[in-house]
>>> print(open('query.cif').read())   # mmCIF, C-alpha atoms
data_data
loop_
_atom_site.label_atom_id
_atom_site.label_comp_id
_atom_site.auth_asym_id
_atom_site.auth_seq_id
_atom_site.Cartn_x
_atom_site.Cartn_y
_atom_site.Cartn_z
CA MET T 217 -5.00 0.00 -19.91
CA MET T 218 -5.70 2.22 -22.90
CA LEU T 219 -3.81 -0.40 -24.91
CA ASP T 220 -6.53 -2.92 -24.24
CA SER T 221 -9.32 -4.03 -26.55
CA LYS T 222 -11.81 -3.51 -23.70
CA ALA T 223 -10.37 -0.22 -22.48
CA ALA T 224 -13.66 1.69 -22.42
CA ASP T 225 -15.45 -0.96 -20.36
CA LEU T 226 -12.52 -1.34 -17.99
CA ASP T 227 -12.33 2.40 -17.47
CA LYS T 228 -15.98 2.58 -16.37
CA GLU T 229 -15.31 0.07 -13.62
CA GLU T 230 -11.80 1.02 -12.68
CA ARG T 231 -11.72 4.83 -12.61
CA PRO T 232 -14.37 5.19 -9.85
CA GLU T 233 -12.52 2.62 -7.76
CA VAL T 234 -9.21 4.43 -8.09
CA LEU T 235 -10.79 7.78 -7.22
CA SER T 236 -12.51 6.25 -4.19
CA LEU T 237 -9.09 5.39 -2.74
CA LEU T 238 -7.91 9.01 -2.63
CA PRO T 239 -7.71 10.81 0.71
CA PRO T 240 -10.07 13.82 1.07
CA TYR T 241 -9.08 16.45 -1.50
CA GLU T 242 -12.13 18.69 -1.81
CA GLY T 243 -11.05 22.32 -2.09
CA LYS T 244 -7.37 21.39 -1.82
CA SER T 245 -4.43 22.07 -4.15
CA ALA T 246 -3.50 19.14 -6.37
CA LEU T 247 -0.83 18.23 -8.90
CA GLU T 248 -1.47 15.55 -11.52
CA LEU T 249 1.72 14.19 -13.04
CA GLY T 250 1.37 12.29 -16.30
CA ALA T 251 -2.14 13.53 -17.09
CA GLY T 252 -2.06 11.95 -20.55
CA ILE T 253 -5.41 12.38 -22.32
CA GLY T 254 -7.03 13.59 -19.10
CA ARG T 255 -8.79 10.43 -17.94
CA PHE T 256 -8.66 11.53 -14.31
CA THR T 257 -8.17 15.27 -14.81
CA GLY T 258 -11.83 16.15 -15.20
CA ASP T 259 -12.88 14.22 -12.11
CA LEU T 260 -10.13 15.79 -10.02
CA ALA T 261 -10.91 19.29 -11.29
CA LYS T 262 -14.53 19.03 -10.13
CA LYS T 263 -13.50 18.80 -6.48
CA VAL T 264 -10.11 20.43 -5.96
CA GLY T 265 -9.60 24.11 -5.28
CA GLN T 266 -6.62 24.30 -7.63
CA LEU T 267 -5.30 21.73 -10.09
CA VAL T 268 -2.05 21.68 -12.02
CA ALA T 269 -2.14 18.86 -14.61
CA ILE T 270 0.83 18.13 -16.84
CA ASP T 271 1.84 15.23 -19.01
CA PHE T 272 5.20 13.74 -18.26
CA ILE T 273 8.00 14.90 -20.49
CA ASP T 274 11.37 14.85 -18.79
CA SER T 275 12.43 18.26 -20.09
CA ILE T 276 9.23 19.79 -18.70
CA ILE T 277 9.58 18.16 -15.30
CA ARG T 278 13.14 19.41 -14.97
CA LYS T 279 11.96 22.95 -15.64
CA LEU T 280 8.77 22.64 -13.61
CA SER T 281 8.95 25.19 -10.84
CA LEU T 282 6.55 24.71 -7.96
CA THR T 283 6.68 26.38 -4.59
CA GLU T 284 7.95 24.01 -1.94
CA GLY T 285 5.17 22.84 0.35
CA SER T 286 2.42 24.05 -1.97
CA MET T 287 0.48 20.86 -2.77
CA ASP T 288 -2.02 18.91 -0.68
CA LEU T 289 -2.19 16.03 -3.14
CA ILE T 290 0.11 14.70 -5.86
CA PHE T 291 -1.61 12.20 -8.14
CA SER T 292 -0.16 10.00 -10.85
CA ASN T 293 -1.48 7.00 -12.72
CA TRP T 294 0.89 4.77 -14.73
CA LEU T 295 3.77 7.19 -14.75
CA LEU T 296 6.71 5.80 -12.78
CA MET T 297 6.84 2.57 -14.77
CA TYR T 298 7.99 4.58 -17.79
CA LEU T 299 11.01 5.97 -15.90
CA SER T 300 14.39 4.50 -15.14
CA ASP T 301 15.20 3.58 -11.54
CA LYS T 302 17.23 6.76 -11.09
CA GLU T 303 14.47 8.92 -12.57
CA VAL T 304 11.96 7.42 -10.13
CA GLU T 305 14.25 8.34 -7.24
CA ASN T 306 14.62 11.89 -8.57
CA VAL T 307 10.88 12.37 -9.02
CA ALA T 308 10.18 11.05 -5.52
CA SER T 309 12.65 13.53 -4.03
CA ARG T 310 10.91 16.39 -5.86
CA MET T 311 7.46 15.22 -4.82
CA ILE T 312 8.29 15.41 -1.12
CA LYS T 313 9.53 18.98 -1.62
CA TRP T 314 6.35 20.09 -3.42
CA LEU T 315 4.07 18.50 -0.83
CA LYS T 316 2.70 20.24 2.24
CA VAL T 317 3.32 18.63 5.61
CA GLY T 318 0.38 16.28 6.03
CA GLY T 319 -0.20 16.17 2.27
CA TYR T 320 -0.51 12.98 0.26
CA ILE T 321 1.09 11.26 -2.74
CA PHE T 322 -1.06 8.77 -4.63
CA PHE T 323 0.32 6.68 -7.48
CA ARG T 324 -0.64 3.49 -9.26
CA GLU T 325 1.64 1.30 -11.34
CA SER T 326 1.51 -1.93 -13.31
CA CYS T 327 3.76 -4.54 -11.73
CA PHE T 328 5.40 -7.75 -12.91
CA HIS T 329 3.93 -8.00 -16.40
CA GLN T 330 2.40 -6.10 -19.32
CA SER T 331 -1.13 -4.79 -18.94
CA GLY T 332 -3.49 -4.67 -21.90
CA ASP T 333 -3.85 -7.16 -24.74
CA SER T 334 -2.91 -4.94 -27.68
CA LYS T 335 0.26 -5.82 -29.55
CA ARG T 336 2.96 -3.18 -29.54
CA LYS T 337 6.21 -2.94 -31.47
CA TYR T 338 8.00 -1.12 -28.68
CA ASN T 339 7.25 -1.27 -24.97
CA PRO T 340 9.31 1.14 -22.83
CA THR T 341 7.68 0.04 -19.59
CA HIS T 342 9.57 -1.20 -16.53
CA TYR T 343 7.41 -3.84 -14.82
CA ARG T 344 8.92 -3.81 -11.35
CA GLU T 345 8.18 -5.66 -8.16
CA PRO T 346 6.09 -3.47 -5.80
CA ARG T 347 8.86 -3.57 -3.20
CA PHE T 348 11.01 -1.34 -5.47
CA TYR T 349 8.54 1.55 -5.25
CA THR T 350 7.99 0.99 -1.54
CA LYS T 351 11.72 1.13 -0.87
CA VAL T 352 12.29 4.30 -2.91
CA PHE T 353 9.52 6.26 -1.23
CA LYS T 354 10.21 4.87 2.23
CA GLU T 355 13.81 6.08 1.99
CA CYS T 356 12.82 9.53 0.72
CA HIS T 357 13.75 12.23 3.27
CA LEU T 358 13.86 16.03 3.27
CA ILE T 359 15.57 18.55 5.55
CA ASP T 360 14.18 22.08 5.26
CA ALA T 361 15.97 25.41 5.74
CA SER T 362 15.20 25.33 9.47
CA GLY T 363 16.76 21.91 9.92
CA ASN T 364 13.46 20.06 10.33
CA SER T 365 13.46 16.54 8.93
CA PHE T 366 10.55 15.08 6.96
CA GLU T 367 9.80 11.69 5.45
CA LEU T 368 7.03 9.82 3.68
CA SER T 369 4.85 7.50 5.74
CA LEU T 370 3.03 4.70 3.95
CA VAL T 371 -0.69 5.12 4.60
CA SER T 372 -2.10 2.30 2.51
CA CYS T 373 -1.56 -0.02 -0.43
CA LYS T 374 -4.15 -1.83 -2.49
CA CYS T 375 -4.00 -4.27 -5.36
CA ILE T 376 -6.43 -3.76 -8.25
CA GLU T 377 -5.95 -6.66 -10.66
CA ALA T 378 -2.30 -6.40 -11.83
CA TYR T 379 -1.94 -2.87 -10.48
CA ILE T 380 -0.79 -1.60 -7.10
CA CYS T 381 -1.98 1.69 -5.58
CA TRP T 382 0.10 3.46 -2.93
CA ILE T 383 -0.78 6.39 -0.67
CA TRP T 384 2.04 8.16 1.16
CA GLN T 385 1.81 11.08 3.57
CA LYS T 386 4.49 13.68 4.27
CA VAL T 387 5.20 13.70 8.01
CA LYS T 388 7.81 15.12 10.33
CA SER T 389 10.42 12.51 11.17
CA GLU T 390 9.96 11.14 14.66
CA GLU T 391 12.22 9.13 16.88
CA ASP T 392 9.32 6.94 18.07
CA LYS T 393 9.38 5.00 14.80
CA GLY T 394 12.37 3.11 16.13
CA PHE T 395 10.58 -0.21 16.45
CA GLN T 396 9.20 -0.04 12.91
CA ARG T 397 12.67 0.75 11.58
CA PHE T 398 14.08 -2.16 13.58
CA LEU T 399 11.53 -4.50 12.02
CA ASP T 400 12.20 -3.39 8.45
CA ASN T 401 15.95 -2.94 8.72
CA VAL T 402 16.90 -5.80 11.04
CA GLN T 403 14.38 -8.53 11.89
CA TYR T 404 12.20 -8.33 8.80
CA LYS T 405 14.43 -7.28 5.97
CA PHE T 406 13.17 -8.63 2.66
CA SER T 407 15.82 -11.35 2.67
CA GLY T 408 14.85 -12.37 6.20
CA ILE T 409 11.13 -12.54 5.40
CA LEU T 410 11.80 -14.75 2.39
CA ARG T 411 13.84 -17.11 4.58
CA TYR T 412 10.95 -17.36 7.07
CA GLU T 413 8.61 -18.09 4.18
CA ARG T 414 10.80 -20.93 2.94
CA VAL T 415 10.64 -22.46 6.42
CA PHE T 416 6.93 -22.00 7.18
CA GLY T 417 5.41 -22.19 3.69
CA PRO T 418 4.11 -19.76 1.04
CA GLY T 419 2.48 -16.71 2.63
CA PHE T 420 3.59 -17.44 6.20
CA VAL T 421 6.36 -16.18 8.48
CA SER T 422 5.35 -17.80 11.78
CA THR T 423 5.33 -21.22 13.39
CA GLY T 424 2.83 -23.72 12.06
CA GLY T 425 2.13 -22.07 8.72
CA ILE T 426 -1.09 -23.11 7.03
CA GLU T 427 -1.75 -26.06 9.38
CA THR T 428 -1.91 -23.90 12.50
CA THR T 429 -3.90 -21.27 10.62
CA ARG T 430 -6.55 -23.83 9.65
CA GLU T 431 -6.80 -25.01 13.25
CA PHE T 432 -7.33 -21.57 14.76
CA VAL T 433 -9.48 -20.08 12.01
CA GLU T 434 -11.87 -23.02 12.29
CA LYS T 435 -12.64 -21.92 15.85
CA LEU T 436 -13.90 -18.56 14.58
CA GLU T 437 -16.88 -20.09 12.76
CA LEU T 438 -16.61 -17.53 9.99
CA LYS T 439 -19.60 -16.86 7.76
CA PRO T 440 -19.68 -15.49 4.18
CA GLY T 441 -19.77 -11.71 4.01
CA GLN T 442 -18.27 -11.08 7.43
CA LYS T 443 -15.54 -8.47 7.86
CA VAL T 444 -12.31 -9.63 9.47
CA LEU T 445 -9.41 -7.58 10.80
CA ASP T 446 -6.07 -9.40 10.98
CA VAL T 447 -3.73 -7.61 13.41
CA GLY T 448 -0.12 -8.38 12.49
CA CYS T 449 -0.98 -9.98 9.15
CA GLY T 450 2.61 -10.58 8.02
CA ILE T 451 2.74 -11.42 4.32
CA GLY T 452 -0.92 -12.38 4.13
CA GLY T 453 -1.10 -16.17 4.04
CA GLY T 454 -3.80 -16.38 6.70
CA ASP T 455 -5.80 -13.58 5.10
CA PHE T 456 -5.90 -15.26 1.69
CA TYR T 457 -6.90 -18.52 3.34
CA MET T 458 -9.81 -16.93 5.24
CA ALA T 459 -11.05 -14.98 2.24
CA GLU T 460 -10.91 -17.90 -0.15
CA LYS T 461 -12.28 -20.66 2.10
CA TYR T 462 -14.89 -18.71 4.06
CA GLU T 463 -15.78 -15.91 1.58
CA VAL T 464 -15.12 -13.13 4.10
CA GLU T 465 -13.65 -9.67 3.56
CA VAL T 466 -10.27 -9.26 5.23
CA LEU T 467 -8.20 -6.21 6.14
CA GLY T 468 -4.67 -7.11 7.17
CA ILE T 469 -2.58 -4.57 9.06
CA ASP T 470 1.07 -4.79 10.02
CA LEU T 471 3.66 -2.36 11.33
CA SER T 472 6.31 -3.65 8.93
CA VAL T 473 6.33 -1.92 5.54
CA ASN T 474 8.31 -4.82 4.10
CA MET T 475 5.68 -7.32 5.22
CA ILE T 476 2.88 -5.35 3.58
CA SER T 477 4.89 -4.96 0.37
CA LEU T 478 5.30 -8.72 0.04
CA ALA T 479 1.66 -9.33 0.99
CA LEU T 480 0.66 -7.09 -1.90
CA GLU T 481 2.89 -9.02 -4.28
CA HIS T 482 1.17 -12.23 -3.22
CA SER T 483 -2.26 -10.65 -3.79
CA ILE T 484 -1.71 -9.78 -7.45
CA GLY T 485 -4.06 -11.77 -9.65
CA LEU T 486 -6.15 -13.12 -6.78
CA LYS T 487 -9.89 -12.48 -6.78
CA CYS T 488 -10.46 -12.78 -3.02
CA PRO T 489 -11.40 -9.58 -1.14
CA VAL T 490 -8.23 -8.88 0.86
CA GLU T 491 -6.69 -5.46 1.54
CA PHE T 492 -3.51 -4.56 3.38
CA GLU T 493 -2.42 -1.49 5.28
CA VAL T 494 0.67 -0.39 7.18
CA ALA T 495 -0.61 0.51 10.63
CA ASP T 496 0.35 0.51 14.31
CA CYS T 497 -2.40 -1.42 16.11
CA THR T 498 -1.72 0.50 19.35
CA THR T 499 -2.74 3.80 17.73
CA LYS T 500 -4.86 2.84 14.71
CA GLU T 501 -8.52 3.80 15.03
CA PHE T 502 -11.58 2.31 13.35
CA PRO T 503 -15.26 3.27 13.65
CA GLU T 504 -17.15 1.15 16.16
CA ASN T 505 -18.68 -2.06 14.82
CA SER T 506 -16.30 -2.09 11.83
CA PHE T 507 -15.54 -5.80 12.09
CA ASP T 508 -17.28 -9.05 12.88
CA VAL T 509 -14.04 -10.77 13.80
CA ILE T 510 -10.61 -9.60 14.94
CA TYR T 511 -7.91 -12.21 14.43
CA SER T 512 -4.30 -11.98 15.55
CA ARG T 513 -1.45 -14.43 15.80
CA ASP T 514 2.09 -14.01 17.13
CA THR T 515 1.66 -10.24 17.36
CA ILE T 516 0.25 -9.04 20.68
CA LEU T 517 3.12 -10.67 22.61
CA HIS T 518 5.39 -7.96 21.14
CA ILE T 519 3.30 -5.15 22.65
CA GLN T 520 3.63 -3.82 26.19
CA GLN T 521 0.03 -2.58 26.37
CA ASP T 522 -2.81 -4.71 27.69
CA TYR T 523 -4.56 -6.56 24.88
CA ASP T 524 -7.95 -5.30 26.11
CA ASP T 525 -6.78 -1.71 25.62
CA ILE T 526 -5.82 -2.39 22.02
CA ILE T 527 -9.15 -3.80 20.90
CA SER T 528 -11.29 -1.43 22.94
CA GLY T 529 -13.87 0.00 20.55
CA TRP T 530 -13.13 -2.56 17.84
CA LYS T 531 -16.30 -4.57 18.17
CA GLY T 532 -15.78 -8.24 17.33
CA GLN T 533 -14.26 -11.51 18.42
CA ALA T 534 -10.53 -12.03 18.78
CA CYS T 535 -8.44 -15.14 18.39
CA GLU T 536 -4.89 -14.89 19.66
CA GLU T 537 -2.27 -17.61 19.63
CA PHE T 538 1.06 -16.99 21.35
CA VAL T 539 4.11 -18.99 20.38
CA GLY T 540 7.48 -18.69 22.09
#
>>> encode(input="query.cif", output="structure tokens")
Amino acid sequence: MMLDSKAADLDKEERPEVLSLLPPYEGKSALELGAGIGRFTGDLAKKVGQLVAIDFIDSIIRKLSLTEGSMDLIFSNWLLMYLSDKEVENVASRMIKWLKVGGYIFFRESCFHQSGDSKRKYNPTHYREPRFYTKVFKECHLIDASGNSFELSLVSCKCIEAYICWIWQKVKSEEDKGFQRFLDNVQYKFSGILRYERVFGPGFVSTGGIETTREFVEKLELKPGQKVLDVGCGIGGGDFYMAEKYEVEVLGIDLSVNMISLALEHSIGLKCPVEFEVADCTTKEFPENSFDVIYSRDTILHIQQDYDDIISGWKGQACEEFVG
């Protein structure tokens, strides 16, 4: 963004939004990778208990010695897009080592195309699809000296203009993620999702596509400014439709990391207020009265719990359509 003729104005709007996405870090230990000219360093330093900020030079990173499990937060902004695929994998494997259990990794990258309008003679940037970063960090695992296994769990993703922000948390590997792994590795591999989309139309992976979505959303009588939760949002077609047609704010959640990755790709460049999050609706908690409407389609039939138990405390209406 610093290679943009309106960089100063963009920074005033963008930096507060990026910082607002961070998990709580007051008094914590933080590492900023790729600090550059310190755009975020000063803001981070005001709140953290300890901050290590370095600019990214490969020779420095290779020599950088941090105690394993010493950081609560690792922050980077426009760093990984300057690395090769292999270098991204190596940095991710080092991040999980440096992070405390329960600690977070936040990074933001430009995807698909060049950001900024300034001409440049040489551009070393790799503009990747978001699914590349999701795959690398999702497959990042660590086994400590005691034989305990750890992995990175995707907490949230958000699209800001042409940029994608990810938040990952270091967690102990658990066997109860079997269904999520089944979805991402078997039923909803990227290739499988794209096949569903070719059948049901852009943005949709379930029967009826946009036609069925119009029919059921019309029953909700949505009003501008309302907040909608879409449980089992898939790749976001219904969310974009609701946000654009009815001017509502939509949060889409899905257990499949692959689904959310593709939903984010679809959201790039759109102005409608839609956010996506990887979440298990049987355990996810929201403050009471968070939503005006809860919408779900072809999702609850996969869950053994009673539907009333799932939405208990989530104040709103619910529209559920079961197919098959």
>>> closest_atom_pairs(input="query.cif", of="range 246-334 of chain T", to="range 347-368 of chain T", cutoff="9 Å", atoms="only C-alpha atoms", output="Markdown table")
| residue | atom | partner | partner_atom | distance |
| --- | --- | --- | --- | --- |
| T:Leu296 | CA | T:Tyr349 | CA | 8.8 |
| T:Asp301 | CA | T:Phe348 | CA | 8.9 |
| T:Val304 | CA | T:Val352 | CA | 7.9 |
| T:Glu305 | CA | T:Val352 | CA | 6.2 |
| T:Ala308 | CA | T:Phe353 | CA | 6.5 |
| T:Ser309 | CA | T:Cys356 | CA | 6.2 |
| T:Ile312 | CA | T:Leu358 | CA | 7.1 |
| T:Lys313 | CA | T:Leu358 | CA | 7.2 |
| T:Val317 | CA | T:Phe366 | CA | 8.2 |
| T:Tyr320 | CA | T:Leu368 | CA | 8.9 |
| T:Ile321 | CA | T:Leu368 | CA | 8.9 |
>>> write_last_selection(input="query.cif", atoms="C-alpha atoms", output="tab-separated table (two decimals), in the coordinates of the input")
chain	number	residue	atom	x	y	z
T	296	LEU	CA	6.71	5.80	-12.78
T	301	ASP	CA	15.20	3.58	-11.54
T	304	VAL	CA	11.96	7.42	-10.13
T	305	GLU	CA	14.25	8.34	-7.24
T	308	ALA	CA	10.18	11.05	-5.52
T	309	SER	CA	12.65	13.53	-4.03
T	312	ILE	CA	8.29	15.41	-1.12
T	313	LYS	CA	9.53	18.98	-1.62
T	317	VAL	CA	3.32	18.63	5.61
T	320	TYR	CA	-0.51	12.98	0.26
T	321	ILE	CA	1.09	11.26	-2.74
>>> atom_distance(input="query.cif", atom1="CA of Ser372 in chain T", atom2="CA of Ala495 in chain T")
8.4 Å
>>> atom_distance(input="query.cif", atom1="CA of Tyr412 in chain T", atom2="CA of Leu471 in chain T")
17.2 Å
>>> residues_around(input="query.cif", residues="Lys262 in chain T", least_positions_apart="5", cutoff="10 Å", atoms="all atoms listed in the file", output="mmCIF file with C-alpha atoms, keeping the file's coordinate frame")
data_model
loop_
_atom_site.group_PDB
_atom_site.id
_atom_site.type_symbol
_atom_site.label_atom_id
_atom_site.label_comp_id
_atom_site.auth_asym_id
_atom_site.auth_seq_id
_atom_site.Cartn_x
_atom_site.Cartn_y
_atom_site.Cartn_z
ATOM 1 C CA GLU T 242 -12.130 18.690 -1.810
ATOM 2 C CA GLY T 243 -11.050 22.320 -2.090
ATOM 3 C CA THR T 257 -8.170 15.270 -14.810
ATOM 4 C CA LEU T 267 -5.300 21.730 -10.090
#
>>> atom_distance(input="query.cif", atom1="CA of Cys327 in chain T", atom2="CA of Cys381 in chain T")
10.5 Å
>>> resolve_selection(input="query.cif", expression="the PyMOL selection byres ((chain T and resi 252) around 12)", output="ChimeraX atom specification")
/T:218,248-251,253-258,269-273,292-295
>>> resolve_selection(input="query.cif", expression="the PyMOL selection byres ((chain T and resi 285) around 9)", output="list in words")
Leu282, Thr283, Glu284, Ser286, Met287, Asp288, Ile312, Lys313, Trp314, Leu315, Lys316, Val317 and Gly319 of chain T
>>> write_last_selection(input="query.cif", atoms="C-alpha atoms", output="tab-separated table (two decimals), in the coordinates of the input")
chain	number	residue	atom	x	y	z
T	282	LEU	CA	6.55	24.71	-7.96
T	283	THR	CA	6.68	26.38	-4.59
T	284	GLU	CA	7.95	24.01	-1.94
T	286	SER	CA	2.42	24.05	-1.97
T	287	MET	CA	0.48	20.86	-2.77
T	288	ASP	CA	-2.02	18.91	-0.68
T	312	ILE	CA	8.29	15.41	-1.12
T	313	LYS	CA	9.53	18.98	-1.62
T	314	TRP	CA	6.35	20.09	-3.42
T	315	LEU	CA	4.07	18.50	-0.83
T	316	LYS	CA	2.70	20.24	2.24
T	317	VAL	CA	3.32	18.63	5.61
T	319	GLY	CA	-0.20	16.17	2.27
>>> resolve_selection(input="query.cif", expression="the PyMOL selection byres ((chain T and resi 346) around 12)", output="PyMOL selection string")
chain T and resi 296-297+323-329+342-345+347-353+373-375+378-382+473-484
>>> closest_residue(input="query.cif", among="T:Arg310, T:Thr341, T:Gly454, T:Leu289", to="Phe322 in chain T", atoms="all atoms listed in the file")
T:Leu289
>>> residues_around(input="query.cif", residues="Gly468 in chain T", least_positions_apart="5", cutoff="7 Å", atoms="all atoms listed in the file", output="PyMOL selection string")
chain T and resi 445-447+449+455+491-493
>>> closest_residue(input="query.cif", among="T:Asp496, T:Arg411, T:Phe502, T:Arg513", to="Thr428 in chain T", atoms="all atoms listed in the file")
T:Arg513
>>> closest_residue(input="query.cif", among="T:Leu260, T:Val415, T:Ile409, T:Ile516", to="Leu238 in chain T", atoms="all atoms listed in the file")
T:Leu260
>>> residues_around(input="query.cif", residues="Glu437 in chain T", least_positions_apart="5", cutoff="10 Å", atoms="all atoms listed in the file", output="compact mmCIF listing (two decimals) with C-alpha atoms, in the coordinates of the input")
# COMPACT_ATOMS: atom_id res chain seq x y z
CA PHE T 432 -7.33 -21.57 14.76
CA TYR T 462 -14.89 -18.71 4.06
CA VAL T 509 -14.04 -10.77 13.80
>>> closest_residue(input="query.cif", among="T:Pro489, T:Asp259, T:Asn505, T:Gly453", to="Arg231 in chain T", atoms="only C-alpha atoms")
T:Asp259
>>> residues_near_point(input="query.cif", point="(-7.7, 13.1, 6.0)", cutoff="9 Å", atoms="all atoms listed in the file", output="VMD selection string")
chain T and resid 239 to 241 318 to 319
